[in-house]
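Working notes for the structure below.
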Amino acid sequence: MKNFNIKAVLFLNYFVFAILLNSVGTVILQMQQNFGISKSSASVLEGFKDLPIAICSFILASFLPKIGIKKSMLIALFLVSCMCFVMPFSNDFWFFKLLFTIVGVSFALIKISVFTSIGLVTNTDKEHSSFMGYLEGFFMIGVLVGNVLFSLFIDDHNPKSTHWLNVYWVLGALSTLSFLFLFFSKLNENEAKSEKTDLLGDLKNSASLFSYRKVLFFLLCAFLFVLVEQSFQTWTPTFYKEILKVPTSMSIQAGAVLAGAFALGRFLSGFFSKKFSWIYVVSFCVIGFAISILLVLPLTHNIHIDTGTTWLNAPLVVYLFPLMGGLLAPIYPSINSVILASIPKYLHSAMSGLIVVFSAIGGTIGSIITGFVFEKFSGQQAFYLSLIPLSMLIVSAIFMNKLKINPKK
C-alpha cells in the first residue's frame with residue numbers, strides 16, 4: 001500500500017494523544033477525590049489543555065511546513081514523553097496544570113502536522129474524506145483504550161489513593177515508542193510548502209482564509225461541535241459517579257464506552273462518506289443526537305443503583321447514555337475533510353491551525369459551562385444545554401454546504 005509506513009505513524013501519533021488529551025475527564029474526577037478540588041476549579045484543566053492548543057496553533061500554523069512537519073511531530077512526542085515520566089511523582093494540582101499545558105502545546109504541533117500530512121498521502125477528495133474518518137475513528141479507539149487503562153489503576157476502595165498515577169509510566173513508554181517509529185519513517189513534505197512566499201506571505205495566506213464565507217461557517221461548525229463533544233467526554237465520568245452513583249472505576253469505563261461509540265461512528269463515517277453527501281450525514285447525526293438526548297436523559301432522574309452494580313447487572317440507561325456518542329461522532333471528520341479538500345494543499349497547514357484554534361476554544365468553553373451548570377444545578381441540565389449549540393450547528397452546516405471556494409491563484 002502506498003505511503004503505508006507514514007499512514008501507520010499518523011495513526012499511532014493520534015492514538016497516543018487521544019489517550020493524553022481525553023484523560024482530562026478522569027483527572028478531573030480524581031482531583032476531586034485526591035485533593036478535594038471543586039468541580040468549577042477542576043474544570044480549568046480543560047483550559048490549560050485547550051488554550052495552549054489554540055495559541056500555539058494560531059502562531060505556528062502558517063509556517064509550520066517551513067519548520068518541518070516530521071520535525072514538529074518529533075518535538076511534540078519528546079515533550080510529552082518527558083512529562084509523562086515526571087507525573088508518577090506529582091503530589092499537587094499544579095503538576096496536572098503543567099501536564100495539560102505541555103500536552104496542549106504538543107497536540108497543536110501534532111494535529112496541524114497530521115491534518116497537513118493527510119493531503120500529502122491521499123490523492124482524491126473521497127480518499128481524503130475516508131482517511132480522515134478512519135483516522136478520527138482510531139483517535140476514539142485511543143480514547144477508549146485510555147479510559148480502560150486508567151480504570152485499571154483506580155482503587156475503588158480508597159478514593160484518596162494516588163496509585164493511578166503509575167499509568168503515566170505506560171503512557172511515557174508509548175510516547176517514546178511513537179517517537180522512535182516516526183524518527184525512522186519518511187515523509188515527502190514538498191507539496192505542503194509554498195516556495196513563493198516568505199513568512200509574511202504565509203501569514204497573508206492564512207489571513208486570506210477569513211475572506212471566504214464557507215470557511216467562516218465551517219469554523220463556527222467546528223467550534224459548536226467541539227463545545228458539545230468535549231462537554232460530554234469530559235464530564236461523563238463525573239456524571240456516572242455523582243448522578244448514577246456507580247463505582248469510580250466503572251465511571252471511568254463509561255468514558256471508554258462513550259469513546260467506543262465515537263470510534264464506531266467515525267469508522268462508519270469513513271464508509272458513508274463514500275456513499276452520501278456530507279451534509280446528509282451531518283444532518284442525520286445532529287438530529288439523531290438531539291432526539292437521543294431528549295429520550296435518554298429523563299431516564300437518569302431518580303435512579304437508584306446499588307453499590308455492587310457492575311456492567312453485567314446495570315440498568316439500561318447506564319448503557320444508553322454513552323452510546324449516544326455514536327451519533328455525534330461522524331460530524332467532525334465530515335466537516336473537516338470538506339473544508340480541507342476545498343482549498344490548495346499549501347494552505348492545509350494554515351487551515352488546520354484554524355481548525356485546532358476554534359476547536360480548542362469550543363472545548364474549553366463547553367467544559368467550563370458544563371462544569372458550572374453541573375455544580376450549581378444538575379448534570380442533566382448541563383447536558384440538556386447542548387441542544388442550543390446543536391441547533392446552531394445544523395443551521396451553520398446548511399449554509400456552509402451552499403457556499404463554494406474559488407481560491408485565488
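Here, A, B, ... name the chains of the C-alpha cells in the order displayed, residue numbers run from 1 inside each chain, and ligands are numbered from 1 in the same displayed order.
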
Worksheet entry | Per-residue DSSP, stretch 2-233 of chain A, filtered to alpha helix (DSSP H), as number ranges by chain | A: 4-21, 24-34, 39-42, 44-60, 64-67, 69-86, 93-121, 125-152, 167-183, 199-208, 213-233

Contacts of A:Phe153 within 7 Å, only C-alpha atoms, excl. fewer than 2 positions in-chain, as a JSON list (two decimals) with N, CA and C atoms, in the first residue's frame:
```json
[["chain", "number", "residue", "atom", "x", "y", "z"],
["A", 150, "PHE", "N", -6.72, 3.74, 32.43],
["A", 150, "PHE", "CA", -6.79, 4.48, 33.69],
["A", 150, "PHE", "C", -7.62, 3.74, 34.73],
["A", 151, "SER", "N", -8.73, 3.13, 34.29],
["A", 151, "SER", "CA", -9.61, 2.44, 35.23],
["A", 151, "SER", "C", -8.91, 1.27, 35.91],
["A", 155, "ASP", "N", -8.18, 2.64, 42.47],
["A", 155, "ASP", "CA", -8.51, 1.88, 43.68],
["A", 155, "ASP", "C", -9.88, 2.33, 44.19],
["A", 163, "HIS", "N", -2.28, 5.71, 43.48],
["A", 163, "HIS", "CA", -1.69, 4.61, 42.71],
["A", 163, "HIS", "C", -1.94, 4.78, 41.20],
["A", 164, "TRP", "N", -3.04, 5.44, 40.88],
["A", 164, "TRP", "CA", -3.41, 5.60, 39.46],
["A", 164, "TRP", "C", -2.37, 6.41, 38.68],
["A", 167, "VAL", "N", 0.00, 5.00, 35.87],
["A", 167, "VAL", "CA", -0.39, 4.83, 34.47],
["A", 167, "VAL", "C", 0.51, 5.66, 33.56]]
```

Item to complete: Tell me which protein, DNA and RNA residues are within 9 Å of stretch 264-281 of chain A, counting only C-alpha atoms, leaving out same-chain ones fewer than 6 positions away, and put them as an MDAnalysis selection string.
Response: chainID A and resid 126:127 129:138 140:141 325:335 338 397:398 401

Item to complete: For A:Thr234, list every protein, DNA or RNA residue within 7 Å, evaluated using only C-alpha atoms, and leave out those in the same chain fewer than 6 positions away; present the list as a list in words.
Response: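 Residues near the query, excluding close chain neighbours: Val24, Gly25 and Ser367 of chain A.
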
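Nearest-residue note for A:Met87: choosing from A:Ala222, A:Leu165, A:Leu340, A:Leu51, the minimum distance belongs to A:Leu165, counting only C-alpha atoms.
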
Each residue of stretch 336-406 of chain A with at least one atom at most 10 Å from stretch 285-307 of chain A should appear once, together with its nearest atom pair and the corresponding distance in Å (one decimal); atoms considered: only C-alpha atoms; ordering: chain, then increasing residue number; output as a Markdown table.
```
| residue | atom | partner | partner_atom | distance |
| --- | --- | --- | --- | --- |
| A:Gly379 | CA | A:Leu297 | CA | 9.5 |
| A:Gln380 | CA | A:Leu297 | CA | 6.4 |
| A:Gln381 | CA | A:Leu297 | CA | 9.1 |
| A:Phe383 | CA | A:Ile293 | CA | 8.0 |
| A:Tyr384 | CA | A:Ile293 | CA | 7.1 |
| A:Ser386 | CA | A:Ala290 | CA | 8.3 |
| A:Leu387 | CA | A:Ala290 | CA | 6.3 |
| A:Ile388 | CA | A:Ala290 | CA | 9.7 |
| A:Leu390 | CA | A:Val286 | CA | 6.5 |
| A:Ser391 | CA | A:Val286 | CA | 8.1 |
| A:Leu393 | CA | A:Val286 | CA | 8.0 |
| A:Ile394 | CA | A:Val286 | CA | 6.7 |
```

Return as JSON lines the residues of stretch 63-167 of chain A lying at most 6 Å from stretch 176-187 of chain A, together with the closest atom-to-atom pair for each and the distance in Å to one decimal, counting only C-alpha atoms, with rows in chain order and ascending residue number.
```
{"residue": "A:Leu74", "atom": "CA", "partner": "A:Phe179", "partner_atom": "CA", "distance": 5.9}
{"residue": "A:Leu77", "atom": "CA", "partner": "A:Phe179", "partner_atom": "CA", "distance": 5.7}
{"residue": "A:Ser81", "atom": "CA", "partner": "A:Thr176", "partner_atom": "CA", "distance": 5.8}
```

Discussion item. I want to know what sits within 8 Å of A:Glu229, based on only C-alpha atoms, with residues of the same chain fewer than 3 positions away left out; could you give that as a list in words?
Written reply: Phe225, Val226, Phe232, Gln233, Leu328 and Gly363 of chain A

Worksheet, complete the sentence: Separating atom CA of A:Lys245 from atom CA of A:Phe93, to the nearest tenth of an Å, is a gap of 25.1 Å

Test item: residues at most 10 Å from A:Leu219, only C-alpha atoms, excluding those fewer than 4 positions along its chain, as an mmCIF file with C-alpha atoms, in the first residue's frame:
```cif
data_model
loop_
_atom_site.group_PDB
_atom_site.id
_atom_site.type_symbol
_atom_site.label_atom_id
_atom_site.label_comp_id
_atom_site.auth_asym_id
_atom_site.auth_seq_id
_atom_site.Cartn_x
_atom_site.Cartn_y
_atom_site.Cartn_z
ATOM 1 C CA PHE A 210 -11.153 34.524 6.543
ATOM 2 C CA ARG A 213 -17.729 32.761 3.907
ATOM 3 C CA LYS A 214 -17.582 28.971 3.650
ATOM 4 C CA VAL A 215 -14.526 28.987 5.929
ATOM 5 C CA PHE A 223 -16.473 25.494 17.430
ATOM 6 C CA LEU A 224 -20.046 24.366 18.146
ATOM 7 C CA PHE A 225 -19.329 20.688 17.598
ATOM 8 C CA ILE A 335 -16.818 18.892 8.097
ATOM 9 C CA ASN A 336 -13.006 18.911 8.440
ATOM 10 C CA ILE A 339 -13.092 22.262 4.069
ATOM 11 C CA MET A 351 -6.484 25.824 7.707
ATOM 12 C CA LEU A 354 -7.661 27.458 12.407
ATOM 13 C CA ILE A 355 -9.457 24.135 12.947
ATOM 14 C CA VAL A 356 -7.391 23.456 16.047
ATOM 15 C CA VAL A 357 -7.798 27.005 17.404
ATOM 16 C CA PHE A 358 -11.585 27.106 17.128
ATOM 17 C CA SER A 359 -11.925 23.512 18.316
ATOM 18 C CA SER A 396 -24.346 26.633 10.047
ATOM 19 C CA MET A 400 -21.624 26.001 4.619
#
```

Item to complete: Write out as a list in words each polymer residue whose atoms come within 6 Å of stretch 318-322 of chain A, counting only C-alpha atoms; drop sequence neighbours fewer than 2 positions from it.
Response: Val257, Leu258, Pro315, Leu316, Met324 and Gly325 of chain A

Practice prompt. Return the single residue from A:Thr26, A:Ser106, A:Thr236, A:Ser57 that is closest to A:Ala42, with distances computed using only C-alpha atoms.
Written response: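 The closest residue to A:Ala42 is A:Thr26.
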
Worksheet item: For A:Ser378, which of A:Ile243, A:Cys56, A:Val105, A:Val16 is the closest residue, counting only C-alpha atoms?
Response: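 Closest to A:Ser378 of all the choices is A:Ile243.
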